[in-house]
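K.L.:
Structure file run20.cif (mmCIF, C-alpha atoms) right here:
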data_start
loop_
_atom_site.label_atom_id
_atom_site.label_comp_id
_atom_site.auth_asym_id
_atom_site.auth_seq_id
_atom_site.Cartn_x
_atom_site.Cartn_y
_atom_site.Cartn_z
CA MET A 271 -4.52 -29.03 12.84
CA SER A 272 -4.80 -25.40 13.86
CA GLU A 273 -4.85 -23.79 17.25
CA LYS A 274 -8.20 -22.83 18.78
CA ILE A 275 -9.27 -21.23 22.05
CA GLY A 276 -10.12 -23.76 24.73
CA PHE A 277 -12.83 -23.45 27.36
CA SER A 278 -11.68 -21.93 30.65
CA MET A 279 -12.99 -19.61 33.33
CA ASN A 280 -11.51 -17.20 35.82
CA GLY A 281 -10.14 -19.42 38.57
CA TYR A 282 -10.71 -16.90 41.37
CA LEU A 283 -14.41 -16.63 40.52
CA VAL A 284 -14.84 -20.41 40.47
CA ALA A 285 -12.91 -20.73 43.74
CA LEU A 286 -15.29 -18.21 45.36
CA ILE A 287 -18.31 -20.19 44.14
CA LEU A 288 -16.87 -23.46 45.49
CA LEU A 289 -16.15 -21.86 48.86
CA ILE A 290 -19.87 -21.16 49.08
CA LEU A 291 -21.13 -24.48 47.67
CA ILE A 292 -19.01 -26.82 49.80
CA PRO A 293 -20.24 -25.51 53.19
CA VAL A 294 -23.81 -25.33 51.87
CA SER A 295 -23.67 -28.94 50.64
CA THR A 296 -22.66 -30.17 54.10
CA LEU A 297 -25.70 -28.64 55.77
CA GLY A 298 -28.07 -31.23 54.33
CA LEU A 299 -26.04 -34.22 55.51
CA GLY A 300 -27.53 -36.17 58.41
CA PRO A 301 -27.84 -39.66 59.90
CA VAL A 302 -31.04 -40.37 57.98
CA MET A 303 -30.89 -40.93 54.23
CA SER A 304 -33.34 -38.71 52.44
CA HIS A 305 -33.64 -36.85 49.18
CA THR A 306 -32.03 -33.83 50.80
CA VAL A 307 -29.11 -35.88 52.03
CA ILE A 308 -28.58 -37.47 48.63
CA ALA A 309 -28.70 -34.08 46.90
CA SER A 310 -26.30 -32.57 49.41
CA LEU A 311 -23.93 -35.49 49.06
CA THR A 312 -24.04 -35.27 45.27
CA LEU A 313 -23.38 -31.52 45.40
CA LEU A 314 -20.47 -32.06 47.78
CA VAL A 315 -18.89 -34.71 45.54
CA LEU A 316 -19.28 -32.49 42.47
CA SER A 317 -17.85 -29.51 44.30
CA LEU A 318 -14.82 -31.49 45.46
CA GLY A 319 -14.38 -32.91 41.97
CA CYS A 320 -14.28 -29.42 40.51
CA LEU A 321 -11.14 -28.73 42.49
CA ALA A 322 -9.22 -30.81 39.94
CA GLY A 323 -10.10 -28.28 37.25
CA PHE A 324 -7.86 -25.51 38.60
CA PHE A 325 -4.57 -24.77 36.84
CA MET A 326 -2.08 -21.92 36.51
CA VAL A 327 -0.88 -20.30 33.28
CA GLN A 328 2.44 -18.43 33.47
CA PRO A 329 3.21 -15.42 31.21
CA ASN A 330 4.16 -16.44 27.67
CA GLN A 331 3.05 -20.00 28.27
CA ALA A 332 -0.03 -21.95 27.21
CA LYS A 333 -1.97 -25.03 28.22
CA VAL A 334 -2.90 -27.45 25.46
CA MET A 335 -6.00 -29.41 26.47
CA THR A 336 -7.23 -32.80 25.24
CA LEU A 337 -10.25 -34.92 26.11
CA PHE A 338 -9.94 -38.68 25.58
CA GLY A 339 -7.29 -38.11 22.91
CA ALA A 340 -9.11 -35.29 21.09
CA TYR A 341 -7.73 -31.77 20.98
CA VAL A 342 -10.24 -29.37 22.56
CA GLY A 343 -8.31 -26.09 22.64
CA THR A 344 -5.50 -23.99 24.07
CA VAL A 345 -5.62 -21.58 26.99
CA LYS A 346 -3.23 -18.61 26.86
CA ALA A 347 -4.87 -16.33 29.45
CA ASN A 348 -2.46 -15.79 32.33
CA GLY A 349 -3.18 -16.46 35.98
CA LEU A 350 -5.42 -18.91 37.83
CA ARG A 351 -7.88 -20.62 35.46
CA TRP A 352 -10.51 -23.33 35.75
CA THR A 353 -11.73 -25.80 33.15
CA ILE A 354 -13.52 -29.11 33.00
CA PRO A 355 -11.60 -31.53 35.26
CA PHE A 356 -11.60 -34.28 32.62
CA PHE A 357 -9.43 -32.19 30.30
CA ILE A 358 -5.79 -33.27 30.24
CA ARG A 359 -3.59 -30.17 30.24
CA LYS A 360 -0.05 -30.02 28.84
CA ASN A 361 2.22 -27.03 29.23
CA ILE A 362 3.99 -25.43 26.25
CA SER A 363 6.24 -22.36 26.25
CA LEU A 364 5.58 -19.47 23.87
CA ARG A 365 8.74 -17.57 24.84
CA ILE A 366 11.39 -16.57 22.33
CA ARG A 367 14.33 -18.96 22.30
CA ASN A 368 17.81 -19.15 20.80
CA PHE A 369 19.23 -22.12 19.00
CA GLU A 370 22.93 -22.18 18.12
CA SER A 371 23.97 -24.92 15.77
CA GLY A 372 27.31 -26.64 15.95
CA LYS A 373 30.01 -25.98 13.39
CA ILE A 374 29.28 -28.10 10.34
CA LYS A 375 31.56 -28.70 7.36
CA VAL A 376 30.01 -28.28 3.93
CA ASN A 377 31.26 -27.57 0.41
CA ASP A 378 30.21 -24.25 -1.11
CA ASN A 379 29.02 -24.14 -4.72
CA GLN A 380 32.67 -23.86 -5.86
CA GLY A 381 33.55 -27.11 -4.10
CA ASN A 382 35.60 -25.47 -1.34
CA PRO A 383 35.08 -26.99 2.13
CA VAL A 384 33.96 -24.39 4.67
CA GLU A 385 32.94 -24.42 8.32
CA ILE A 386 29.68 -22.66 9.11
CA ALA A 387 27.32 -22.25 12.06
CA THR A 388 24.15 -20.26 12.71
CA ILE A 389 22.05 -18.75 15.49
CA VAL A 390 18.28 -19.05 15.08
CA VAL A 391 15.82 -17.01 17.16
CA TRP A 392 12.41 -18.71 17.22
CA SER A 393 9.20 -19.17 19.18
CA VAL A 394 6.07 -21.31 19.10
CA THR A 395 3.08 -19.46 17.61
CA ASP A 396 0.69 -22.38 17.00
CA SER A 397 0.60 -24.63 20.05
CA ALA A 398 -1.58 -27.29 18.42
CA GLU A 399 0.79 -27.84 15.50
CA ALA A 400 3.84 -27.81 17.78
CA MET A 401 2.29 -30.38 20.10
CA PHE A 402 0.59 -32.74 17.64
CA GLU A 403 2.11 -32.31 14.17
CA VAL A 404 5.67 -33.29 15.15
CA ASP A 405 6.99 -35.71 17.75
CA ASP A 406 9.39 -33.25 19.44
CA TYR A 407 9.26 -29.68 18.17
CA LYS A 408 12.55 -28.68 19.88
CA SER A 409 14.46 -31.47 18.17
CA PHE A 410 12.62 -30.68 14.93
CA VAL A 411 13.82 -27.06 15.07
CA SER A 412 17.46 -28.03 15.60
CA ILE A 413 17.56 -30.71 12.88
CA GLN A 414 15.72 -28.67 10.27
CA SER A 415 17.80 -25.54 10.99
CA GLU A 416 21.06 -27.42 10.41
CA SER A 417 19.63 -29.00 7.27
CA ALA A 418 18.58 -25.60 5.91
CA LEU A 419 22.00 -24.15 6.79
CA ARG A 420 23.78 -26.95 4.95
CA ASN A 421 21.60 -26.52 1.87
CA MET A 422 22.02 -22.73 1.83
CA ALA A 423 25.81 -22.88 2.28
CA SER A 424 26.18 -25.27 -0.66
CA SER A 425 24.25 -22.87 -2.92
CA TYR A 426 26.61 -19.88 -2.70
CA PRO A 427 30.39 -19.34 -2.89
CA TYR A 428 32.46 -18.35 0.10
CA ASP A 429 34.02 -15.34 -1.70
CA PRO A 430 32.43 -13.34 -4.53
CA HIS A 431 33.83 -14.06 -7.99
CA GLU A 432 31.61 -11.61 -9.84
CA GLU A 433 30.68 -8.01 -9.14
CA GLU A 434 26.98 -8.73 -8.55
CA GLY A 435 27.23 -12.29 -7.28
CA ILE A 436 26.01 -13.17 -3.77
CA ALA A 437 28.62 -14.75 -1.51
CA LEU A 438 28.59 -16.01 2.06
CA ARG A 439 31.28 -13.63 3.27
CA SER A 440 30.48 -10.46 1.35
CA HIS A 441 26.66 -10.37 1.70
CA PRO A 442 25.86 -11.21 5.35
CA GLN A 443 22.44 -9.52 5.45
CA THR A 444 21.26 -11.09 2.20
CA ILE A 445 22.50 -14.50 3.31
CA SER A 446 20.71 -14.08 6.66
CA ASP A 447 17.43 -13.27 4.91
CA ILE A 448 17.76 -16.28 2.63
CA LEU A 449 18.61 -18.56 5.54
CA LYS A 450 15.68 -17.26 7.61
CA LYS A 451 13.23 -17.92 4.77
CA GLU A 452 14.56 -21.42 4.15
CA ILE A 453 14.34 -22.34 7.85
CA GLN A 454 10.85 -20.85 8.12
CA ASP A 455 9.64 -22.90 5.16
CA ARG A 456 10.77 -26.06 6.92
CA LEU A 457 9.29 -25.14 10.32
CA ASP A 458 5.85 -23.93 9.19
CA LYS A 459 4.35 -27.37 9.73
CA ALA A 460 5.53 -27.37 13.37
CA GLY A 461 3.81 -24.10 14.35
CA VAL A 462 7.14 -22.31 14.83
CA THR A 463 7.99 -18.77 13.72
CA VAL A 464 11.59 -17.83 12.97
CA HIS A 465 12.33 -14.25 14.09
CA GLU A 466 15.98 -14.11 13.04
CA ALA A 467 18.67 -16.34 11.57
CA ARG A 468 22.30 -15.21 11.32
CA ILE A 469 25.65 -16.79 10.55
CA SER A 470 27.65 -17.05 13.78
CA HIS A 471 30.77 -18.71 12.35
CA LEU A 472 32.17 -18.81 8.83
CA ALA A 473 35.65 -19.94 7.82
CA TYR A 474 37.47 -22.16 5.38
CA ALA A 475 38.07 -25.70 6.55
CA PRO A 476 41.50 -26.15 8.20
CA GLU A 477 42.87 -28.28 5.35
CA ILE A 478 42.57 -25.43 2.81
CA ALA A 479 42.67 -22.39 5.10
CA SER A 480 46.37 -21.70 4.47
CA ALA A 481 46.06 -21.92 0.69
CA MET A 482 42.95 -19.72 0.65
CA LEU A 483 44.70 -17.15 2.86
CA GLN A 484 47.53 -16.92 0.34
CA ARG A 485 44.99 -16.48 -2.45
CA GLN A 486 43.24 -13.69 -0.55
CA GLN A 487 46.56 -11.99 0.13
CA ALA A 488 47.51 -12.23 -3.55
CA SER A 489 44.14 -10.77 -4.57
CA ALA A 490 44.63 -7.91 -2.11
CA ILE A 491 48.13 -7.20 -3.42
CA VAL A 492 46.92 -7.20 -7.04
CA ALA A 493 44.05 -4.87 -6.18
CA ALA A 494 46.39 -2.50 -4.32
CA ARG A 495 48.93 -2.49 -7.15
CA THR A 496 46.17 -1.80 -9.67
CA ARG A 497 45.01 1.19 -7.64
CA ILE A 498 48.58 2.48 -7.31
CA LEU A 499 49.17 2.09 -11.05
CA GLU A 500 46.02 4.00 -11.91
CA GLY A 501 47.09 6.85 -9.64
CA ALA A 502 50.65 6.84 -11.00
CA VAL A 503 49.49 7.02 -14.61
CA GLY A 504 47.24 9.95 -13.74
CA MET A 505 50.09 11.78 -11.99
CA VAL A 506 52.49 11.22 -14.91
CA ASP A 507 49.89 12.48 -17.38
CA MET A 508 49.28 15.54 -15.22
CA ALA A 509 53.05 16.21 -14.94
CA LEU A 510 53.52 16.10 -18.71
CA GLU A 511 50.55 18.38 -19.29
CA ARG A 512 51.81 20.93 -16.74
CA LEU A 513 55.31 20.95 -18.26
CA LYS A 514 53.78 21.51 -21.69
CA GLU A 515 51.38 24.26 -20.58
CA ASP A 516 53.99 26.19 -18.58
CA ASN A 517 56.71 25.78 -21.24
CA VAL A 518 59.15 24.60 -18.61
CA VAL A 519 61.08 22.34 -20.94
CA GLU A 520 60.63 20.81 -24.38
CA LEU A 521 60.94 17.05 -24.41
CA ASP A 522 61.13 14.82 -27.43
CA GLU A 523 59.41 11.42 -27.47
CA GLU A 524 62.49 9.58 -26.26
CA ARG A 525 62.95 11.90 -23.28
CA LYS A 526 59.23 11.71 -22.50
CA ALA A 527 59.47 7.93 -22.46
CA ALA A 528 62.47 8.09 -20.11
CA MET A 529 60.64 10.54 -17.84
CA VAL A 530 57.52 8.38 -17.79
CA SER A 531 59.60 5.32 -16.96
CA ASN A 532 61.40 7.10 -14.10
CA LEU A 533 58.18 8.51 -12.63
CA LEU A 534 56.43 5.15 -12.75
CA VAL A 535 59.35 3.51 -11.01
CA VAL A 536 59.26 6.15 -8.27
CA LEU A 537 55.49 6.10 -7.83
CA CYS A 538 54.90 2.35 -8.15
CA GLY A 539 57.94 1.07 -6.29
CA ASP A 540 57.43 -0.43 -2.84
CA LYS A 541 60.80 0.91 -1.60
CA HIS A 542 62.23 4.40 -1.35
CA THR A 543 64.14 5.46 -4.49
CA GLN A 544 67.68 6.87 -4.46
CA PRO A 545 67.96 10.10 -6.48
CA VAL A 546 70.71 10.38 -9.11
CA ILE A 547 71.86 13.92 -9.94
CA ASN A 548 73.02 14.57 -13.51
CA ALA A 549 75.79 17.14 -13.24
CA GLY A 550 76.43 17.19 -16.99
CA SER A 551 74.33 18.42 -19.90
CA LEU A 552 70.57 18.09 -20.08
CA TYR A 553 70.89 15.25 -22.57
#
Kindly return the structure encoded in the file as C-alpha coordinates.
P.N.:
Amino acid sequence: MSEKIGFSMNGYLVALILLILIPVSTLGLGPVMSHTVIASLTLLVLSLGCLAGFFMVQPNQAKVMTLFGAYVGTVKANGLRWTIPFFIRKNISLRIRNFESGKIKVNDNQGNPVEIATIVVWSVTDSAEAMFEVDDYKSFVSIQSESALRNMASSYPYDPHEEEGIALRSHPQTISDILKKEIQDRLDKAGVTVHEARISHLAYAPEIASAMLQRQQASAIVAARTRILEGAVGMVDMALERLKEDNVVELDEERKAAMVSNLLVVLCGDKHTQPVINAGSLY
(Lines of atoms letter the chains of each structure in order from A and count residues from 1; the text may use other names and numbers.)
(Lines give C-alpha, C1' and ligand atoms only; values in the text may rest on other atoms or scores of the structure.)
Protein backbone atom coordinates (compact mmCIF):
# COMPACT_ATOMS: atom_id res chain seq x y z
CA MET A 1 0.00 0.00 0.00
CA SER A 2 1.42 3.33 -1.10
CA GLU A 3 0.51 6.84 -0.10
CA LYS A 4 -1.79 8.86 -2.37
CA ILE A 5 -3.25 12.36 -2.24
CA GLY A 6 -6.68 12.47 -0.66
CA PHE A 7 -9.56 14.73 -1.63
CA SER A 8 -9.73 18.00 0.29
CA MET A 9 -10.60 21.64 -0.32
CA ASN A 10 -9.62 24.97 1.14
CA GLY A 11 -11.56 25.17 4.40
CA TYR A 12 -11.93 28.96 4.35
CA LEU A 13 -13.57 28.86 0.92
CA VAL A 14 -16.02 26.15 1.98
CA ALA A 15 -16.78 28.03 5.20
CA LEU A 16 -17.62 31.15 3.17
CA ILE A 17 -19.97 29.13 0.94
CA LEU A 18 -21.73 27.61 3.96
CA LEU A 19 -22.15 31.03 5.56
CA ILE A 20 -24.12 31.98 2.47
CA LEU A 21 -26.08 28.73 2.04
CA ILE A 22 -27.30 28.35 5.62
CA PRO A 23 -29.10 31.74 5.80
CA VAL A 24 -30.46 31.25 2.28
CA SER A 25 -31.83 27.79 3.15
CA THR A 26 -33.79 29.22 6.10
CA LEU A 27 -35.63 31.73 3.93
CA GLY A 28 -37.83 29.06 2.34
CA LEU A 29 -38.97 27.57 5.64
CA GLY A 30 -42.57 28.30 6.61
CA PRO A 31 -45.60 26.86 8.40
CA VAL A 32 -46.94 25.28 5.21
CA MET A 33 -45.17 22.27 3.73
CA SER A 34 -44.40 22.82 0.09
CA HIS A 35 -41.75 21.92 -2.43
CA THR A 36 -39.87 25.08 -1.52
CA VAL A 37 -39.95 24.22 2.16
CA ILE A 38 -38.74 20.68 1.53
CA ALA A 39 -35.90 21.93 -0.68
CA SER A 40 -34.90 24.56 1.86
CA LEU A 41 -34.98 22.02 4.67
CA THR A 42 -32.89 19.57 2.65
CA LEU A 43 -30.36 22.29 1.83
CA LEU A 44 -30.18 23.32 5.48
CA VAL A 45 -29.57 19.74 6.65
CA LEU A 46 -26.87 19.24 4.01
CA SER A 47 -25.23 22.52 4.90
CA LEU A 48 -25.16 21.66 8.59
CA GLY A 49 -23.86 18.19 7.79
CA CYS A 50 -20.98 19.67 5.84
CA LEU A 51 -19.72 21.29 9.02
CA ALA A 52 -18.40 17.87 10.09
CA GLY A 53 -16.02 17.89 7.13
CA PHE A 54 -13.76 20.63 8.51
CA PHE A 55 -10.38 19.68 9.97
CA MET A 56 -7.02 21.29 10.70
CA VAL A 57 -3.61 20.11 9.47
CA GLN A 58 -0.59 21.32 11.48
CA PRO A 59 2.85 21.85 9.86
CA ASN A 60 4.73 18.59 9.27
CA GLN A 61 1.65 16.54 10.04
CA ALA A 62 -0.81 14.67 7.83
CA LYS A 63 -4.34 13.31 7.95
CA VAL A 64 -4.84 9.74 6.80
CA MET A 65 -8.41 9.29 5.58
CA THR A 66 -10.49 6.11 5.30
CA LEU A 67 -14.04 5.44 4.13
CA PHE A 68 -15.77 2.34 5.54
CA GLY A 69 -12.39 0.68 6.12
CA ALA A 70 -10.88 1.60 2.75
CA TYR A 71 -7.91 3.93 2.45
CA VAL A 72 -8.88 6.95 0.32
CA GLY A 73 -5.83 9.20 0.65
CA THR A 74 -3.65 11.46 2.76
CA VAL A 75 -3.88 15.23 3.17
CA LYS A 76 -0.61 17.08 3.87
CA ALA A 77 -1.66 20.63 2.97
CA ASN A 78 -1.42 22.82 6.06
CA GLY A 79 -4.20 24.93 7.51
CA LEU A 80 -7.99 24.63 7.57
CA ARG A 81 -9.23 21.97 5.12
CA TRP A 82 -12.56 20.44 4.21
CA THR A 83 -13.36 16.97 2.92
CA ILE A 84 -16.31 14.63 2.70
CA PRO A 85 -17.77 14.30 6.22
CA PHE A 86 -17.97 10.50 5.97
CA PHE A 87 -14.18 10.23 5.78
CA ILE A 88 -12.56 9.11 9.03
CA ARG A 89 -9.41 11.15 9.59
CA LYS A 90 -6.42 10.00 11.65
CA ASN A 91 -3.49 12.24 12.50
CA ILE A 92 0.11 11.18 11.85
CA SER A 93 3.28 13.19 12.46
CA LEU A 94 5.85 13.67 9.71
CA ARG A 95 8.36 15.44 11.95
CA ILE A 96 11.91 14.21 12.45
CA ARG A 97 12.32 12.24 15.66
CA ASN A 98 15.12 10.79 17.74
CA PHE A 99 15.20 7.29 19.12
CA GLU A 100 17.90 6.33 21.64
CA SER A 101 18.19 2.66 22.35
CA GLY A 102 19.11 1.28 25.73
CA LYS A 103 22.52 -0.24 26.37
CA ILE A 104 22.46 -3.81 25.12
CA LYS A 105 25.09 -6.49 25.70
CA VAL A 106 26.24 -8.43 22.66
CA ASN A 107 29.29 -10.46 21.66
CA ASP A 108 31.41 -9.05 18.85
CA ASN A 109 32.69 -11.37 16.13
CA GLN A 110 35.68 -12.26 18.35
CA GLY A 111 33.37 -13.45 21.12
CA ASN A 112 34.09 -10.52 23.46
CA PRO A 113 31.03 -9.17 25.30
CA VAL A 114 30.51 -5.46 24.66
CA GLU A 115 27.92 -2.87 25.64
CA ILE A 116 26.55 -0.79 22.78
CA ALA A 117 23.77 1.74 22.19
CA THR A 118 22.66 3.87 19.25
CA ILE A 119 20.78 7.05 18.37
CA VAL A 120 18.53 6.85 15.31
CA VAL A 121 17.11 9.96 13.60
CA TRP A 122 14.01 9.06 11.59
CA SER A 123 10.74 10.34 10.18
CA VAL A 124 7.62 9.01 8.47
CA THR A 125 7.68 9.55 4.70
CA ASP A 126 4.84 7.23 3.62
CA SER A 127 1.84 7.73 5.87
CA ALA A 128 -0.17 4.88 4.37
CA GLU A 129 2.51 2.27 5.03
CA ALA A 130 3.17 3.61 8.53
CA MET A 131 -0.53 3.50 9.41
CA PHE A 132 -1.63 0.25 7.77
CA GLU A 133 1.41 -1.97 7.12
CA VAL A 134 2.47 -2.28 10.78
CA ASP A 135 0.47 -2.32 13.99
CA ASP A 136 2.47 0.41 15.77
CA TYR A 137 5.16 2.11 13.70
CA LYS A 138 6.83 3.74 16.75
CA SER A 139 7.28 0.40 18.48
CA PHE A 140 8.35 -1.12 15.17
CA VAL A 141 11.13 1.47 14.81
CA SER A 142 12.50 0.84 18.31
CA ILE A 143 12.44 -2.97 18.09
CA GLN A 144 13.91 -3.17 14.59
CA SER A 145 16.62 -0.59 15.41
CA GLU A 146 17.81 -2.60 18.40
CA SER A 147 17.70 -5.80 16.36
CA ALA A 148 19.79 -4.22 13.58
CA LEU A 149 22.24 -2.84 16.16
CA ARG A 150 22.67 -6.27 17.73
CA ASN A 151 23.24 -7.92 14.36
CA MET A 152 25.74 -5.26 13.24
CA ALA A 153 27.72 -5.36 16.50
CA SER A 154 28.12 -9.14 16.28
CA SER A 155 29.56 -8.83 12.75
CA TYR A 156 32.63 -6.73 13.59
CA PRO A 157 35.35 -6.78 16.27
CA TYR A 158 35.59 -4.17 18.98
CA ASP A 159 39.26 -3.38 18.21
CA PRO A 160 40.98 -3.78 14.83
CA HIS A 161 43.26 -6.80 14.53
CA GLU A 162 44.34 -6.15 10.95
CA GLU A 163 45.50 -3.01 9.20
CA GLU A 164 42.52 -2.81 6.83
CA GLY A 165 39.90 -4.50 8.99
CA ILE A 166 36.77 -2.60 10.06
CA ALA A 167 36.22 -2.39 13.81
CA LEU A 168 33.55 -0.82 15.99
CA ARG A 169 35.94 1.51 17.81
CA SER A 170 38.34 2.52 15.04
CA HIS A 171 35.88 3.14 12.16
CA PRO A 172 32.94 5.13 13.62
CA GLN A 173 31.80 6.68 10.32
CA THR A 174 31.89 3.40 8.42
CA ILE A 175 30.06 1.62 11.22
CA SER A 176 27.42 4.39 11.27
CA ASP A 177 26.84 4.03 7.53
CA ILE A 178 26.50 0.26 7.82
CA LEU A 179 24.12 0.58 10.76
CA LYS A 180 21.99 3.18 8.97
CA LYS A 181 21.63 0.94 5.90
CA GLU A 182 20.72 -2.10 7.98
CA ILE A 183 18.07 -0.19 9.94
CA GLN A 184 16.68 1.35 6.76
CA ASP A 185 16.33 -2.07 5.14
CA ARG A 186 14.22 -3.21 8.08
CA LEU A 187 12.04 -0.08 8.21
CA ASP A 188 11.26 0.29 4.50
CA LYS A 189 8.04 -1.68 4.86
CA ALA A 190 6.81 0.74 7.56
CA GLY A 191 7.15 3.90 5.44
CA VAL A 192 9.97 5.25 7.63
CA THR A 193 13.16 6.95 6.42
CA VAL A 194 16.31 6.81 8.55
CA HIS A 195 18.25 10.09 8.32
CA GLU A 196 21.12 9.17 10.64
CA ALA A 197 22.23 6.34 12.89
CA ARG A 198 25.24 6.68 15.21
CA ILE A 199 26.77 4.74 18.08
CA SER A 200 26.10 6.63 21.32
CA HIS A 201 27.79 4.20 23.72
CA LEU A 202 30.47 1.57 23.15
CA ALA A 203 32.47 -0.23 25.84
CA TYR A 204 33.58 -3.65 26.93
CA ALA A 205 31.25 -5.43 29.31
CA PRO A 206 32.19 -4.89 32.99
CA GLU A 207 33.30 -8.50 33.49
CA ILE A 208 36.14 -8.19 30.95
CA ALA A 209 36.76 -4.43 30.99
CA SER A 210 39.76 -4.67 33.35
CA ALA A 211 41.46 -7.42 31.34
CA MET A 212 40.87 -5.62 28.05
CA LEU A 213 42.26 -2.39 29.53
CA GLN A 214 45.47 -4.19 30.46
CA ARG A 215 45.68 -5.61 26.93
CA GLN A 216 45.23 -2.15 25.42
CA GLN A 217 47.88 -0.73 27.73
CA ALA A 218 50.28 -3.53 26.78
CA SER A 219 49.64 -2.91 23.08
CA ALA A 220 50.29 0.80 23.57
CA ILE A 221 53.55 0.12 25.43
CA VAL A 222 54.74 -2.29 22.73
CA ALA A 223 53.90 0.21 19.99
CA ALA A 224 55.71 3.01 21.84
CA ARG A 225 58.78 0.84 22.48
CA THR A 226 58.86 -0.17 18.81
CA ARG A 227 58.82 3.46 17.76
CA ILE A 228 61.57 4.33 20.25
CA LEU A 229 63.70 1.41 19.05
CA GLU A 230 63.36 2.44 15.42
CA GLY A 231 64.46 5.97 16.29
CA ALA A 232 67.36 4.74 18.45
CA VAL A 233 68.69 2.46 15.71
CA GLY A 234 68.57 5.35 13.25
CA MET A 235 70.44 7.63 15.66
CA VAL A 236 73.13 5.01 16.35
CA ASP A 237 73.61 4.42 12.63
CA MET A 238 73.87 8.16 12.03
CA ALA A 239 76.41 8.53 14.89
CA LEU A 240 78.65 5.80 13.48
CA GLU A 241 78.49 7.28 9.99
CA ARG A 242 79.38 10.76 11.25
CA LEU A 243 82.34 9.44 13.28
CA LYS A 244 83.58 7.60 10.19
CA GLU A 245 83.13 10.53 7.80
CA ASP A 246 84.78 13.09 10.10
CA ASN A 247 87.62 10.73 11.11
CA VAL A 248 87.01 11.51 14.75
CA VAL A 249 88.10 8.12 16.01
CA GLU A 250 88.78 4.67 14.56
CA LEU A 251 86.78 1.93 16.22
CA ASP A 252 87.20 -1.77 15.74
CA GLU A 253 84.19 -4.10 15.65
CA GLU A 254 84.33 -4.83 19.36
CA ARG A 255 84.38 -1.14 20.30
CA LYS A 256 81.59 -0.44 17.80
CA ALA A 257 79.49 -3.14 19.45
CA ALA A 258 80.16 -1.64 22.89
CA MET A 259 79.26 1.84 21.62
CA VAL A 260 76.08 0.58 19.99
CA SER A 261 75.10 -1.21 23.20
CA ASN A 262 75.71 1.89 25.33
CA LEU A 263 73.79 4.19 22.97
CA LEU A 264 70.82 1.84 22.80
CA VAL A 265 70.70 1.63 26.57
CA VAL A 266 70.73 5.43 26.82
CA LEU A 267 68.17 6.00 24.07
CA CYS A 268 65.79 3.14 24.88
CA GLY A 269 65.89 3.26 28.66
CA ASP A 270 62.86 4.62 30.50
CA LYS A 271 65.03 6.16 33.24
CA HIS A 272 67.82 8.72 33.18
CA THR A 273 71.28 7.16 32.76
CA GLN A 274 74.24 7.90 35.04
CA PRO A 275 77.38 8.79 33.06
CA VAL A 276 80.63 6.95 33.86
CA ILE A 277 83.85 8.82 33.02
CA ASN A 278 86.84 6.71 31.96
CA ALA A 279 89.89 8.52 33.30
CA GLY A 280 92.32 5.90 31.98
CA SER A 281 93.31 4.95 28.44
CA LEU A 282 90.93 4.89 25.52
CA TYR A 283 90.79 1.10 25.64
K.L.:
Every residue with an atom at most 7 Å from (-7.5, -25.6, 23.9) (file coordinates; only C-alpha atoms) is what I'm after, so could you write them as number ranges by chain?
P.N.:
A: 274-277, 334-335, 341-345
K.L.:
For the selection just defined, write its residues with C-alpha atoms to a file, as a short mmCIF file (atom, residue, chain, number, x, y, z; two decimals), in the coordinates of the input.
P.N.:
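Result written to again-v2.cif:
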data_model
loop_
_atom_site.label_atom_id
_atom_site.label_comp_id
_atom_site.auth_asym_id
_atom_site.auth_seq_id
_atom_site.Cartn_x
_atom_site.Cartn_y
_atom_site.Cartn_z
CA LYS A 274 -8.20 -22.83 18.78
CA ILE A 275 -9.27 -21.23 22.05
CA GLY A 276 -10.12 -23.76 24.73
CA PHE A 277 -12.83 -23.45 27.36
CA VAL A 334 -2.90 -27.45 25.46
CA MET A 335 -6.00 -29.41 26.47
CA TYR A 341 -7.73 -31.77 20.98
CA VAL A 342 -10.24 -29.37 22.56
CA GLY A 343 -8.31 -26.09 22.64
CA THR A 344 -5.50 -23.99 24.07
CA VAL A 345 -5.62 -21.58 26.99
#
K.L.:
Take the PyMOL selection byres ((chain A and resi 455-459) around 8), apply it to the structure above, and return the hits as a list in words.
P.N.:
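Output from the PyMOL selection byres ((chain A and resi 455-459) around 8), applied to this file: Glu399, Glu403, Phe410, Val411, Gln414, Ala418, Lys451, Glu452, Ile453, Gln454, Ala460, Gly461, Val462 and Thr463 of chain A.
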K.L.:
Rank nothing, just name the residue among A:Leu364, A:Leu291, A:Ala423, A:Ala285 nearest to A:Arg351, using only C-alpha atoms.
P.N.:
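Among A:Leu364, A:Leu291, A:Ala423, A:Ala285, it is A:Ala285 that comes nearest to A:Arg351.
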K.L.:
What does the distance from atom CA of A:Asp396 to atom CA of A:Val464 come to in Å, to one decimal?
P.N.:
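Those two atoms sit 12.5 Å apart.
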K.L.:
Would you mind reading off the distance between atom CA of A:Leu533 and atom CA of A:Gly504, one decimal, in Å?
P.N.:
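It comes out at 11.1 Å.
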K.L.:
Calculated over all atoms listed in the file, which of the candidates A:Arg495, A:Arg525, A:Arg359, A:Lys346 has the smallest distance to A:Ala322?
P.N.:
A:Arg359
K.L.:
Residues picked by the PyMOL selection byres ((chain A and resi 426) around 8) here, as a list in words?
P.N.:
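Matching residues under the PyMOL selection byres ((chain A and resi 426) around 8) are Asp378, Asn379, Gln380, Met422, Ala423, Ser424, Ser425, Pro427, Tyr428, Ile436, Ala437 and Leu438 of chain A.
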K.L.:
From the options A:Thr496, A:Asn517, A:Ser363, A:Asn421, which residue's atoms come nearest to A:Lys375, counting all atoms listed in the file?
P.N.:
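Looking only at the distances to A:Lys375, the closest residue turns out to be A:Asn421.
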K.L.:
Exactly which residues make up the result of the PyMOL selection byres ((chain A and resi 278) around 6) on this file, given as a list of chain:residue names?
P.N.:
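That selection, the PyMOL selection byres ((chain A and resi 278) around 6), comes back as A:Phe277, A:Met279, A:Trp352, A:Thr353.
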K.L.:
Could you work out how far atom CA of A:Ala347 lies from atom CA of A:Asn361, giving the answer in Å with one decimal?
P.N.:
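Calculated distance between atom CA of A:Asn361 and atom CA of A:Ala347 is 12.8 Å.
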K.L.:
Would you list the contacts of stretch 389-392 of chain A as a VMD selection string, taking every protein, DNA or RNA residue within 7 Å and counting only C-alpha atoms, but skipping same-chain residues closer than 2 positions in sequence?
P.N.:
chain A and resid 366 to 371 462 to 470
K.L.:
Would you please work out which residue, of A:Arg439, A:Gly339, A:Val530, A:Cys320, is nearest to A:Val384 when using all atoms listed in the file?
P.N.:
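Checking each candidate against A:Val384, we get A:Arg439 as the closest.
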